[in-house]
>>> print(open('model.json').read())   # JSON, C-alpha atoms
[["chain", "number", "residue", "atom", "x", "y", "z"],
["A", 28, "MET", "CA", 20.47, 1.11, -35.43],
["A", 29, "LYS", "CA", 16.77, 1.97, -35.32],
["A", 30, "LEU", "CA", 13.68, -0.15, -34.79],
["A", 31, "ASN", "CA", 10.28, 1.38, -35.60],
["A", 32, "GLY", "CA", 11.82, 4.83, -35.52],
["A", 33, "THR", "CA", 13.43, 4.31, -32.10],
["A", 34, "SER", "CA", 17.11, 3.64, -31.62],
["A", 35, "LEU", "CA", 18.09, 0.48, -29.79],
["A", 36, "ASN", "CA", 20.17, 2.57, -27.42],
["A", 37, "SER", "CA", 17.15, 4.67, -26.42],
["A", 38, "ARG", "CA", 15.00, 1.54, -26.04],
["A", 39, "HIS", "CA", 17.65, -0.03, -23.82],
["A", 40, "SER", "CA", 17.95, 3.19, -21.83],
["A", 41, "ALA", "CA", 14.19, 3.39, -21.28],
["A", 42, "PHE", "CA", 14.12, -0.25, -20.12],
["A", 43, "TYR", "CA", 17.06, 0.31, -17.78],
["A", 44, "ASP", "CA", 15.54, 3.46, -16.29],
["A", 45, "SER", "CA", 12.19, 1.79, -15.57],
["A", 46, "ASP", "CA", 13.88, -1.29, -14.12],
["A", 47, "GLU", "CA", 16.13, 0.90, -11.97],
["A", 48, "LEU", "CA", 13.10, 2.89, -10.81],
["A", 49, "GLY", "CA", 11.47, -0.30, -9.55],
["A", 50, "ASP", "CA", 14.56, -1.59, -7.76],
["A", 51, "ASN", "CA", 14.99, 1.77, -6.04],
["A", 52, "HIS", "CA", 11.35, 1.67, -4.86],
["A", 53, "SER", "CA", 10.74, 5.15, -6.20],
["A", 54, "SER", "CA", 7.21, 6.51, -6.52],
["A", 55, "THR", "CA", 5.93, 9.21, -8.84],
["A", 56, "SER", "CA", 3.28, 10.92, -6.70],
["A", 57, "LEU", "CA", 1.44, 10.91, -3.38],
["A", 58, "GLU", "CA", -1.76, 9.79, -5.11],
["A", 59, "THR", "CA", -2.02, 6.24, -6.39],
["A", 60, "PRO", "CA", -1.74, 6.55, -10.20],
["A", 61, "MET", "CA", -5.23, 5.86, -11.58],
["A", 62, "ARG", "CA", -6.77, 6.35, -15.01],
["A", 63, "GLU", "CA", -9.88, 8.50, -15.38],
["A", 64, "ASP", "CA", -11.86, 5.50, -16.63],
["A", 65, "ALA", "CA", -10.74, 3.28, -13.74],
["A", 66, "PHE", "CA", -14.32, 2.53, -12.65],
["A", 67, "ASP", "CA", -16.10, 2.31, -15.98],
["A", 68, "LEU", "CA", -16.10, -1.49, -15.68],
["A", 69, "THR", "CA", -18.01, -3.32, -12.96],
["A", 70, "ASN", "CA", -16.05, -5.54, -10.59],
["A", 71, "GLU", "CA", -17.43, -8.62, -12.32],
["A", 72, "GLU", "CA", -16.29, -7.31, -15.70],
["A", 73, "LYS", "CA", -12.82, -6.66, -14.28],
["A", 74, "ILE", "CA", -12.68, -10.17, -12.83],
["A", 75, "ASN", "CA", -13.64, -11.67, -16.19],
["A", 76, "GLN", "CA", -10.97, -9.71, -18.05],
["A", 77, "ILE", "CA", -8.23, -10.46, -15.51],
["A", 78, "GLU", "CA", -9.20, -14.14, -15.58],
["A", 79, "HIS", "CA", -8.79, -14.19, -19.37],
["A", 80, "HIS", "CA", -5.43, -12.42, -19.36],
["A", 81, "PHE", "CA", -4.01, -14.43, -16.46],
["A", 82, "HIS", "CA", -5.03, -17.61, -18.26],
["A", 83, "GLN", "CA", -2.97, -16.35, -21.21],
["A", 84, "ILE", "CA", 0.02, -15.60, -18.96],
["A", 85, "MET", "CA", -0.04, -19.10, -17.51],
["A", 86, "GLN", "CA", -0.24, -20.58, -20.98],
["A", 87, "VAL", "CA", 2.72, -18.51, -22.19],
["A", 88, "MET", "CA", 4.75, -19.92, -19.27],
["A", 89, "GLY", "CA", 3.99, -23.41, -20.59],
["A", 90, "LEU", "CA", 1.58, -24.54, -17.88],
["A", 91, "ASN", "CA", -1.05, -27.14, -18.74],
["A", 92, "MET", "CA", -4.30, -25.25, -18.23],
["A", 93, "GLU", "CA", -6.27, -28.50, -18.57],
["A", 94, "ASP", "CA", -4.76, -29.74, -15.30],
["A", 95, "GLU", "CA", -7.35, -29.89, -12.52],
["A", 96, "SER", "CA", -5.11, -28.05, -10.08],
["A", 97, "LEU", "CA", -4.41, -25.16, -12.49],
["A", 98, "SER", "CA", -7.64, -24.76, -14.45],
["A", 99, "GLY", "CA", -9.36, -22.63, -11.79],
["A", 100, "THR", "CA", -6.31, -20.53, -10.92],
["A", 101, "PRO", "CA", -6.99, -17.59, -13.30],
["A", 102, "ARG", "CA", -10.47, -17.11, -11.79],
["A", 103, "ARG", "CA", -9.15, -17.40, -8.25],
["A", 104, "VAL", "CA", -6.40, -14.85, -8.93],
["A", 105, "ALA", "CA", -8.83, -12.43, -10.58],
["A", 106, "LYS", "CA", -11.27, -12.56, -7.66],
["A", 107, "MET", "CA", -8.41, -12.18, -5.18],
["A", 108, "TYR", "CA", -7.10, -9.10, -6.99],
["A", 109, "ILE", "CA", -10.45, -7.29, -7.17],
["A", 110, "ASN", "CA", -12.12, -8.40, -3.93],
["A", 111, "GLU", "CA", -9.13, -8.63, -1.62],
["A", 112, "LEU", "CA", -5.57, -7.58, -2.48],
["A", 113, "PHE", "CA", -6.50, -4.45, -4.43],
["A", 114, "SER", "CA", -9.89, -3.61, -2.94],
["A", 115, "GLY", "CA", -8.36, -0.39, -1.61],
["A", 116, "LEU", "CA", -8.39, 1.03, -5.15],
["A", 117, "ASP", "CA", -12.17, 1.30, -4.96],
["A", 118, "PRO", "CA", -13.28, 4.47, -3.10],
["A", 119, "LEU", "CA", -16.51, 2.70, -2.16],
["A", 120, "HIS", "CA", -14.42, 0.70, 0.32],
["A", 121, "LYS", "CA", -12.95, 3.79, 1.97],
["A", 122, "PRO", "CA", -13.73, 3.79, 5.72],
["A", 123, "HIS", "CA", -15.76, 6.68, 7.04],
["A", 124, "PRO", "CA", -14.87, 6.79, 10.74],
["A", 125, "THR", "CA", -17.22, 8.29, 13.27],
["A", 126, "LEU", "CA", -15.67, 10.73, 15.72],
["A", 127, "PHE", "CA", -16.66, 10.91, 19.36],
["A", 128, "THR", "CA", -16.36, 13.77, 21.79],
["A", 129, "ASN", "CA", -13.33, 13.49, 24.04],
["A", 130, "HIS", "CA", -15.40, 13.52, 27.26],
["A", 131, "TYR", "CA", -12.41, 12.51, 29.37],
["A", 132, "ASP", "CA", -10.41, 15.54, 28.22],
["A", 133, "TYR", "CA", -7.59, 13.15, 27.44],
["A", 134, "SER", "CA", -4.83, 15.41, 26.17],
["A", 135, "GLN", "CA", -1.89, 13.01, 25.92],
["A", 136, "MET", "CA", -0.66, 11.00, 22.99],
["A", 137, "LEU", "CA", -2.80, 8.09, 21.82],
["A", 138, "VAL", "CA", -0.88, 5.29, 20.13],
["A", 139, "GLU", "CA", -2.20, 2.28, 18.24],
["A", 140, "LYS", "CA", 0.82, 0.07, 17.58],
["A", 141, "ASN", "CA", 1.56, -3.18, 15.77],
["A", 142, "ILE", "CA", -1.26, -2.89, 13.23],
["A", 143, "THR", "CA", -0.66, -5.80, 10.87],
["A", 144, "PHE", "CA", -0.89, -4.89, 7.20],
["A", 145, "TYR", "CA", -0.41, -6.64, 3.87],
["A", 146, "SER", "CA", 0.22, -4.74, 0.68],
["A", 147, "THR", "CA", 1.67, -5.32, -2.79],
["A", 148, "CYS", "CA", 4.78, -3.80, -4.36],
["A", 149, "GLU", "CA", 3.63, -1.88, -7.42],
["A", 150, "HIS", "CA", 6.94, -2.51, -9.21],
["A", 151, "HIS", "CA", 6.93, -6.32, -9.04],
["A", 152, "PHE", "CA", 3.46, -7.26, -7.73],
["A", 153, "VAL", "CA", 4.79, -9.30, -4.84],
["A", 154, "PRO", "CA", 3.87, -8.89, -1.16],
["A", 155, "ILE", "CA", 4.85, -6.16, 1.28],
["A", 156, "PHE", "CA", 3.89, -6.95, 4.87],
["A", 157, "GLY", "CA", 4.64, -5.64, 8.31],
["A", 158, "LYS", "CA", 3.46, -3.50, 11.20],
["A", 159, "ALA", "CA", 2.12, 0.03, 11.28],
["A", 160, "HIS", "CA", 2.13, 2.31, 14.33],
["A", 161, "VAL", "CA", -0.13, 5.36, 14.34],
["A", 162, "ALA", "CA", -0.44, 8.10, 16.93],
["A", 163, "TYR", "CA", -2.31, 11.36, 17.41],
["A", 164, "PHE", "CA", -3.25, 14.05, 19.88],
["A", 165, "SER", "CA", -6.98, 14.70, 20.17],
["A", 166, "SER", "CA", -8.32, 18.00, 18.85],
["A", 167, "GLY", "CA", -11.44, 17.49, 20.96],
["A", 168, "LYS", "CA", -12.58, 14.35, 19.16],
["A", 169, "VAL", "CA", -11.45, 10.72, 19.26],
["A", 170, "ILE", "CA", -11.86, 7.88, 16.81],
["A", 171, "GLY", "CA", -12.76, 4.24, 17.40],
["A", 172, "LEU", "CA", -9.58, 2.17, 17.63],
["A", 173, "SER", "CA", -10.68, -0.35, 14.99],
["A", 174, "LYS", "CA", -11.10, 2.50, 12.51],
["A", 175, "LEU", "CA", -7.38, 3.22, 12.71],
["A", 176, "ASN", "CA", -6.76, -0.36, 11.59],
["A", 177, "ARG", "CA", -9.28, 0.01, 8.77],
["A", 178, "ILE", "CA", -7.63, 3.17, 7.46],
["A", 179, "VAL", "CA", -4.25, 1.42, 7.37],
["A", 180, "GLN", "CA", -5.71, -1.61, 5.62],
["A", 181, "TYR", "CA", -7.65, 0.43, 3.06],
["A", 182, "TYR", "CA", -4.55, 2.17, 1.75],
["A", 183, "ALA", "CA", -2.46, -0.99, 2.00],
["A", 184, "ARG", "CA", -4.84, -2.93, -0.25],
["A", 185, "ARG", "CA", -3.57, -1.51, -3.51],
["A", 186, "PRO", "CA", -0.32, -1.59, -5.49],
["A", 187, "GLN", "CA", 1.97, 0.49, -3.31],
["A", 188, "VAL", "CA", 5.31, 2.02, -2.51],
["A", 189, "GLN", "CA", 5.93, 2.09, 1.24],
["A", 190, "GLU", "CA", 6.76, 5.80, 1.32],
["A", 191, "ARG", "CA", 3.50, 6.67, -0.40],
["A", 192, "LEU", "CA", 1.52, 4.29, 1.80],
["A", 193, "THR", "CA", 2.91, 5.99, 4.92],
["A", 194, "GLU", "CA", 2.00, 9.46, 3.68],
["A", 195, "GLN", "CA", -1.47, 8.42, 2.48],
["A", 196, "ILE", "CA", -2.33, 7.02, 5.91],
["A", 197, "ALA", "CA", -1.04, 10.17, 7.62],
["A", 198, "ALA", "CA", -3.04, 12.42, 5.28],
["A", 199, "GLU", "CA", -6.21, 10.43, 5.89],
["A", 200, "LEU", "CA", -5.74, 10.53, 9.66],
["A", 201, "LYS", "CA", -5.22, 14.29, 9.61],
["A", 202, "GLU", "CA", -8.40, 14.76, 7.63],
["A", 203, "ALA", "CA", -10.46, 12.29, 9.67],
["A", 204, "LEU", "CA", -9.28, 13.59, 13.07],
["A", 205, "HIS", "CA", -9.26, 17.29, 12.16],
["A", 206, "THR", "CA", -5.75, 17.71, 13.51],
["A", 207, "GLU", "CA", -2.19, 18.07, 12.28],
["A", 208, "ASP", "CA", -0.89, 16.21, 15.34],
["A", 209, "VAL", "CA", -0.48, 12.84, 13.65],
["A", 210, "ALA", "CA", 2.36, 10.36, 13.25],
["A", 211, "VAL", "CA", 2.70, 7.15, 11.23],
["A", 212, "ILE", "CA", 5.60, 4.68, 11.40],
["A", 213, "MET", "CA", 5.72, 1.58, 9.22],
["A", 214, "ASP", "CA", 8.14, -1.35, 9.43],
["A", 215, "ALA", "CA", 7.79, -3.73, 6.50],
["A", 216, "ASN", "CA", 9.34, -6.67, 4.71],
["A", 217, "HIS", "CA", 9.46, -6.56, 0.92],
["A", 218, "MET", "CA", 9.35, -9.85, -0.95],
["A", 219, "CYS", "CA", 10.79, -8.11, -4.02],
["A", 220, "VAL", "CA", 13.95, -7.77, -1.91],
["A", 221, "ALA", "CA", 13.74, -11.15, -0.16],
["A", 222, "SER", "CA", 12.69, -13.46, -2.99],
["A", 223, "ARG", "CA", 14.36, -11.82, -6.02],
["A", 224, "GLY", "CA", 17.10, -9.32, -6.82],
["A", 225, "VAL", "CA", 19.46, -9.09, -3.84],
["A", 226, "ARG", "CA", 17.51, -11.85, -2.00],
["A", 227, "ASP", "CA", 18.04, -10.41, 1.46],
["A", 228, "THR", "CA", 15.66, -12.16, 3.84],
["A", 229, "HIS", "CA", 16.72, -10.33, 7.00],
["A", 230, "SER", "CA", 16.31, -6.64, 6.22],
["A", 231, "SER", "CA", 13.18, -4.57, 6.74],
["A", 232, "THR", "CA", 12.24, -1.04, 5.68],
["A", 233, "VAL", "CA", 11.08, 1.66, 8.09],
["A", 234, "THR", "CA", 9.27, 4.82, 6.99],
["A", 235, "ALA", "CA", 7.78, 7.57, 9.12],
["A", 236, "SER", "CA", 5.63, 10.69, 8.79],
["A", 237, "TYR", "CA", 5.52, 13.27, 11.58],
["A", 238, "TYR", "CA", 3.20, 16.26, 11.69],
["A", 239, "GLY", "CA", 2.21, 18.93, 14.20],
["A", 240, "LYS", "CA", 3.40, 18.18, 17.71],
["A", 241, "PHE", "CA", 5.30, 15.14, 16.50],
["A", 242, "LYS", "CA", 7.86, 17.39, 14.84],
["A", 243, "ASP", "CA", 9.11, 18.10, 18.37],
["A", 244, "PRO", "CA", 12.05, 15.71, 19.02],
["A", 245, "LYS", "CA", 10.90, 15.10, 22.61],
["A", 246, "VAL", "CA", 7.43, 14.06, 21.46],
["A", 247, "ARG", "CA", 8.91, 11.77, 18.82],
["A", 248, "GLU", "CA", 11.18, 10.24, 21.47],
["A", 249, "GLU", "CA", 8.13, 9.51, 23.63],
["A", 250, "LEU", "CA", 6.36, 7.86, 20.68],
["A", 251, "LEU", "CA", 9.38, 5.70, 19.85],
["A", 252, "HIS", "CA", 9.59, 4.66, 23.50],
["A", 253, "TYR", "CA", 5.98, 3.45, 23.37],
["A", 254, "ILE", "CA", 6.31, 1.41, 20.19],
["A", 255, "GLN", "CA", 9.63, -0.16, 21.16]]
>>> encode(input="model.json", output="structure tokens")
Amino acid sequence: MKLNGTSLNSRHSAFYDSDELGDNHSSTSLETPMREDAFDLTNEEKINQIEHHFHQIMQVMGLNMEDESLSGTPRRVAKMYINELFSGLDPLHKPHPTLFTNHYDYSQMLVEKNITFYSTCEHHFVPIFGKAHVAYFSSGKVIGLSKLNRIVQYYARRPQVQERLTEQIAAELKEALHTEDVAVIMDANHMCVASRGVRDTHSSTVTASYYGKFKDPKVREELLHYIQ
């Protein structure tokens, strides 16, 4: 049987494949998928459009949008999306860390651990949250510690897949620090696993990226000792 020129079997297959993709937490590229016209609208225009569409979503679900508690929700959600949860989509918010000369000639590993981050699963738009641990060896320059946190948070504040998030942070650190000697480890809880689907509230997901000196098993062992 066909519907609008497409067989029901192929429509079912396409739905199943996309649903399976989301449940497997697969990503399609290292770069966050963005349209070329992503920044044609101002933030205020985006907020207005999201407010309108979220109002429609709430109405479809049968909610009384005249209720005092609900009437302002679409606007609140829209502002939260643009100004907070997904602010990392806007390159204007990208941190530009200042490097300082390593006057102490510190040549050992530097580790910033337990960086709290909050992100959003791009497959279900529910929270991902956890801790990030980043490490590097100085190439002659060092970076302010707070800037490591800001880099993590910038890439976390967008629809994400944890594997991509880990690699994006590592790539940014390599570029910012002018070194390949970078490592990123992320340990996160996924609400798309805890609150839906399998509903496992105890598991967490760990991802890691190792470059340069961190490809040496002994160096990785030292890093893991520090963060544990």
>>> closest_residue(input="model.json", among="A:Val220, A:Ala183, A:Val188, A:Ile178", to="Lys201 in chain A", atoms="all atoms listed in the file")
A:Ile178
>>> residues_around(input="model.json", residues="range 144-160 of chain A", least_positions_apart="5", cutoff="7 Å", atoms="only C-alpha atoms", output="mmCIF file with C-alpha atoms, in the frame of the given file")
data_model
loop_
_atom_site.group_PDB
_atom_site.id
_atom_site.type_symbol
_atom_site.label_atom_id
_atom_site.label_comp_id
_atom_site.auth_asym_id
_atom_site.auth_seq_id
_atom_site.Cartn_x
_atom_site.Cartn_y
_atom_site.Cartn_z
ATOM 1 C CA GLY A 49 11.470 -0.300 -9.550
ATOM 2 C CA GLU A 139 -2.200 2.280 18.240
ATOM 3 C CA GLN A 180 -5.710 -1.610 5.620
ATOM 4 C CA ALA A 183 -2.460 -0.990 2.000
ATOM 5 C CA ARG A 184 -4.840 -2.930 -0.250
ATOM 6 C CA ARG A 185 -3.570 -1.510 -3.510
ATOM 7 C CA PRO A 186 -0.320 -1.590 -5.490
ATOM 8 C CA GLN A 187 1.970 0.490 -3.310
ATOM 9 C CA VAL A 188 5.310 2.020 -2.510
ATOM 10 C CA VAL A 211 2.700 7.150 11.230
ATOM 11 C CA ILE A 212 5.600 4.680 11.400
ATOM 12 C CA MET A 213 5.720 1.580 9.220
ATOM 13 C CA ASP A 214 8.140 -1.350 9.430
ATOM 14 C CA ALA A 215 7.790 -3.730 6.500
ATOM 15 C CA ASN A 216 9.340 -6.670 4.710
ATOM 16 C CA HIS A 217 9.460 -6.560 0.920
ATOM 17 C CA MET A 218 9.350 -9.850 -0.950
ATOM 18 C CA CYS A 219 10.790 -8.110 -4.020
#
>>> residues_around(input="model.json", residues="Ile84 in chain A", least_positions_apart="6", cutoff="12 Å", atoms="only C-alpha atoms", output="mmCIF file with C-alpha atoms, keeping the file's coordinate frame")
data_model
loop_
_atom_site.group_PDB
_atom_site.id
_atom_site.type_symbol
_atom_site.label_atom_id
_atom_site.label_comp_id
_atom_site.auth_asym_id
_atom_site.auth_seq_id
_atom_site.Cartn_x
_atom_site.Cartn_y
_atom_site.Cartn_z
ATOM 1 C CA ILE A 77 -8.230 -10.460 -15.510
ATOM 2 C CA GLU A 78 -9.200 -14.140 -15.580
ATOM 3 C CA LEU A 90 1.580 -24.540 -17.880
ATOM 4 C CA ASN A 91 -1.050 -27.140 -18.740
ATOM 5 C CA MET A 92 -4.300 -25.250 -18.230
ATOM 6 C CA THR A 100 -6.310 -20.530 -10.920
ATOM 7 C CA PRO A 101 -6.990 -17.590 -13.300
ATOM 8 C CA VAL A 104 -6.400 -14.850 -8.930
#
>>> atom_distance(input="model.json", atom1="CA of Met61 in chain A", atom2="CA of Leu116 in chain A")
8.6 Å
>>> atom_distance(input="model.json", atom1="CA of Tyr182 in chain A", atom2="CA of Ala210 in chain A")
15.7 Å
>>> residues_around(input="model.json", residues="Ser165 in chain A", least_positions_apart="4", cutoff="12 Å", atoms="all atoms listed in the file", output="VMD selection string")
chain A and resid 126 to 138 169 to 170 200 to 201 203 to 209 239 to 240
>>> atom_distance(input="model.json", atom1="CA of Asn141 in chain A", atom2="CA of Asn176 in chain A")
9.7 Å
>>> closest_residue(input="model.json", among="A:Pro60, A:Gly224, A:Gly89, A:Pro122", to="Ile196 in chain A", atoms="only C-alpha atoms")
A:Pro122
>>> closest_residue(input="model.json", among="A:Ser236, A:Lys245, A:Asp94, A:Phe164", to="Gln189 in chain A", atoms="only C-alpha atoms")
A:Ser236
>>> residues_around(input="model.json", residues="range 69-74 of chain A", least_positions_apart="6", cutoff="7 Å", atoms="all atoms listed in the file", output="VMD selection string")
chain A and resid 105 to 106 109
>>> residues_around(input="model.json", residues="Tyr181 in chain A", least_positions_apart="5", cutoff="8 Å", atoms="only C-alpha atoms", output="list in words")
Ser114, Gly115, His120, Lys121 and Pro122 of chain A
>>> write_last_selection(input="model.json", atoms="C-alpha atoms", output="mmCIF file, keeping the file's coordinate frame")
data_model
loop_
_atom_site.group_PDB
_atom_site.id
_atom_site.type_symbol
_atom_site.label_atom_id
_atom_site.label_comp_id
_atom_site.auth_asym_id
_atom_site.auth_seq_id
_atom_site.Cartn_x
_atom_site.Cartn_y
_atom_site.Cartn_z
ATOM 1 C CA SER A 114 -9.890 -3.610 -2.940
ATOM 2 C CA GLY A 115 -8.360 -0.390 -1.610
ATOM 3 C CA HIS A 120 -14.420 0.700 0.320
ATOM 4 C CA LYS A 121 -12.950 3.790 1.970
ATOM 5 C CA PRO A 122 -13.730 3.790 5.720
#
>>> axis_aligned_box(input="model.json", around="range 219-222 of chain A", padding_each_side="5 Å", output="lines of an AutoDock Vina configuration file")
center_x = 12.4
center_y = -10.6
center_z = -2.1
size_x = 13.2
size_y = 15.7
size_z = 13.9
>>> closest_residue(input="model.json", among="A:Phe113, A:Ala162, A:Ala235, A:Thr125", to="Gln195 in chain A", atoms="all atoms listed in the file")
A:Ala235
>>> build_atoms(input="model.json", residues="range 189-213 of chain A", atoms="N, CA and C atoms", output="CSV table (one decimal), in the coordinates of the input")
chain,number,residue,atom,x,y,z
A,189,GLN,N,6.1,1.9,-0.2
A,189,GLN,CA,5.9,2.1,1.2
A,189,GLN,C,5.9,3.6,1.6
A,190,GLU,N,6.7,4.4,1.0
A,190,GLU,CA,6.8,5.8,1.3
A,190,GLU,C,5.4,6.4,1.1
A,191,ARG,N,4.8,6.1,-0.1
A,191,ARG,CA,3.5,6.7,-0.4
A,191,ARG,C,2.4,6.2,0.6
A,192,LEU,N,2.5,4.9,0.9
A,192,LEU,CA,1.5,4.3,1.8
A,192,LEU,C,1.6,5.0,3.1
A,193,THR,N,2.8,5.3,3.6
A,193,THR,CA,2.9,6.0,4.9
A,193,THR,C,2.3,7.4,4.9
A,194,GLU,N,2.5,8.1,3.8
A,194,GLU,CA,2.0,9.5,3.7
A,194,GLU,C,0.5,9.5,3.5
A,195,GLN,N,0.0,8.5,2.7
A,195,GLN,CA,-1.5,8.4,2.5
A,195,GLN,C,-2.2,8.2,3.8
A,196,ILE,N,-1.7,7.3,4.6
A,196,ILE,CA,-2.3,7.0,5.9
A,196,ILE,C,-2.3,8.3,6.8
A,197,ALA,N,-1.2,9.0,6.8
A,197,ALA,CA,-1.0,10.2,7.6
A,197,ALA,C,-2.0,11.2,7.1
A,198,ALA,N,-2.1,11.4,5.8
A,198,ALA,CA,-3.0,12.4,5.3
A,198,ALA,C,-4.5,12.1,5.6
A,199,GLU,N,-4.9,10.8,5.6
A,199,GLU,CA,-6.2,10.4,5.9
A,199,GLU,C,-6.5,10.6,7.4
A,200,LEU,N,-5.5,10.3,8.2
A,200,LEU,CA,-5.7,10.5,9.7
A,200,LEU,C,-5.9,12.0,10.0
A,201,LYS,N,-5.1,12.9,9.4
A,201,LYS,CA,-5.2,14.3,9.6
A,201,LYS,C,-6.6,14.8,9.2
A,202,GLU,N,-7.1,14.3,8.1
A,202,GLU,CA,-8.4,14.8,7.6
A,202,GLU,C,-9.5,14.2,8.5
A,203,ALA,N,-9.4,12.9,8.9
A,203,ALA,CA,-10.5,12.3,9.7
A,203,ALA,C,-10.5,12.8,11.1
A,204,LEU,N,-9.4,13.2,11.7
A,204,LEU,CA,-9.3,13.6,13.1
A,204,LEU,C,-9.3,15.1,13.2
A,205,HIS,N,-9.3,15.8,12.1
A,205,HIS,CA,-9.3,17.3,12.2
A,205,HIS,C,-8.1,17.8,13.0
A,206,THR,N,-6.9,17.3,12.8
A,206,THR,CA,-5.8,17.7,13.5
A,206,THR,C,-4.5,17.5,12.7
A,207,GLU,N,-3.5,18.3,12.9
A,207,GLU,CA,-2.2,18.1,12.3
A,207,GLU,C,-1.3,17.2,13.1
A,208,ASP,N,-1.7,16.9,14.4
A,208,ASP,CA,-0.9,16.2,15.3
A,208,ASP,C,-1.0,14.7,15.1
A,209,VAL,N,-0.4,14.2,14.1
A,209,VAL,CA,-0.5,12.8,13.6
A,209,VAL,C,0.9,12.3,13.3
A,210,ALA,N,1.1,11.0,13.6
A,210,ALA,CA,2.4,10.4,13.2
A,210,ALA,C,2.1,8.9,12.8
A,211,VAL,N,2.8,8.5,11.8
A,211,VAL,CA,2.7,7.2,11.2
A,211,VAL,C,4.1,6.6,11.1
A,212,ILE,N,4.3,5.4,11.6
A,212,ILE,CA,5.6,4.7,11.4
A,212,ILE,C,5.3,3.3,10.9
A,213,MET,N,6.0,2.9,9.8
A,213,MET,CA,5.7,1.6,9.2
A,213,MET,C,7.0,0.8,9.1
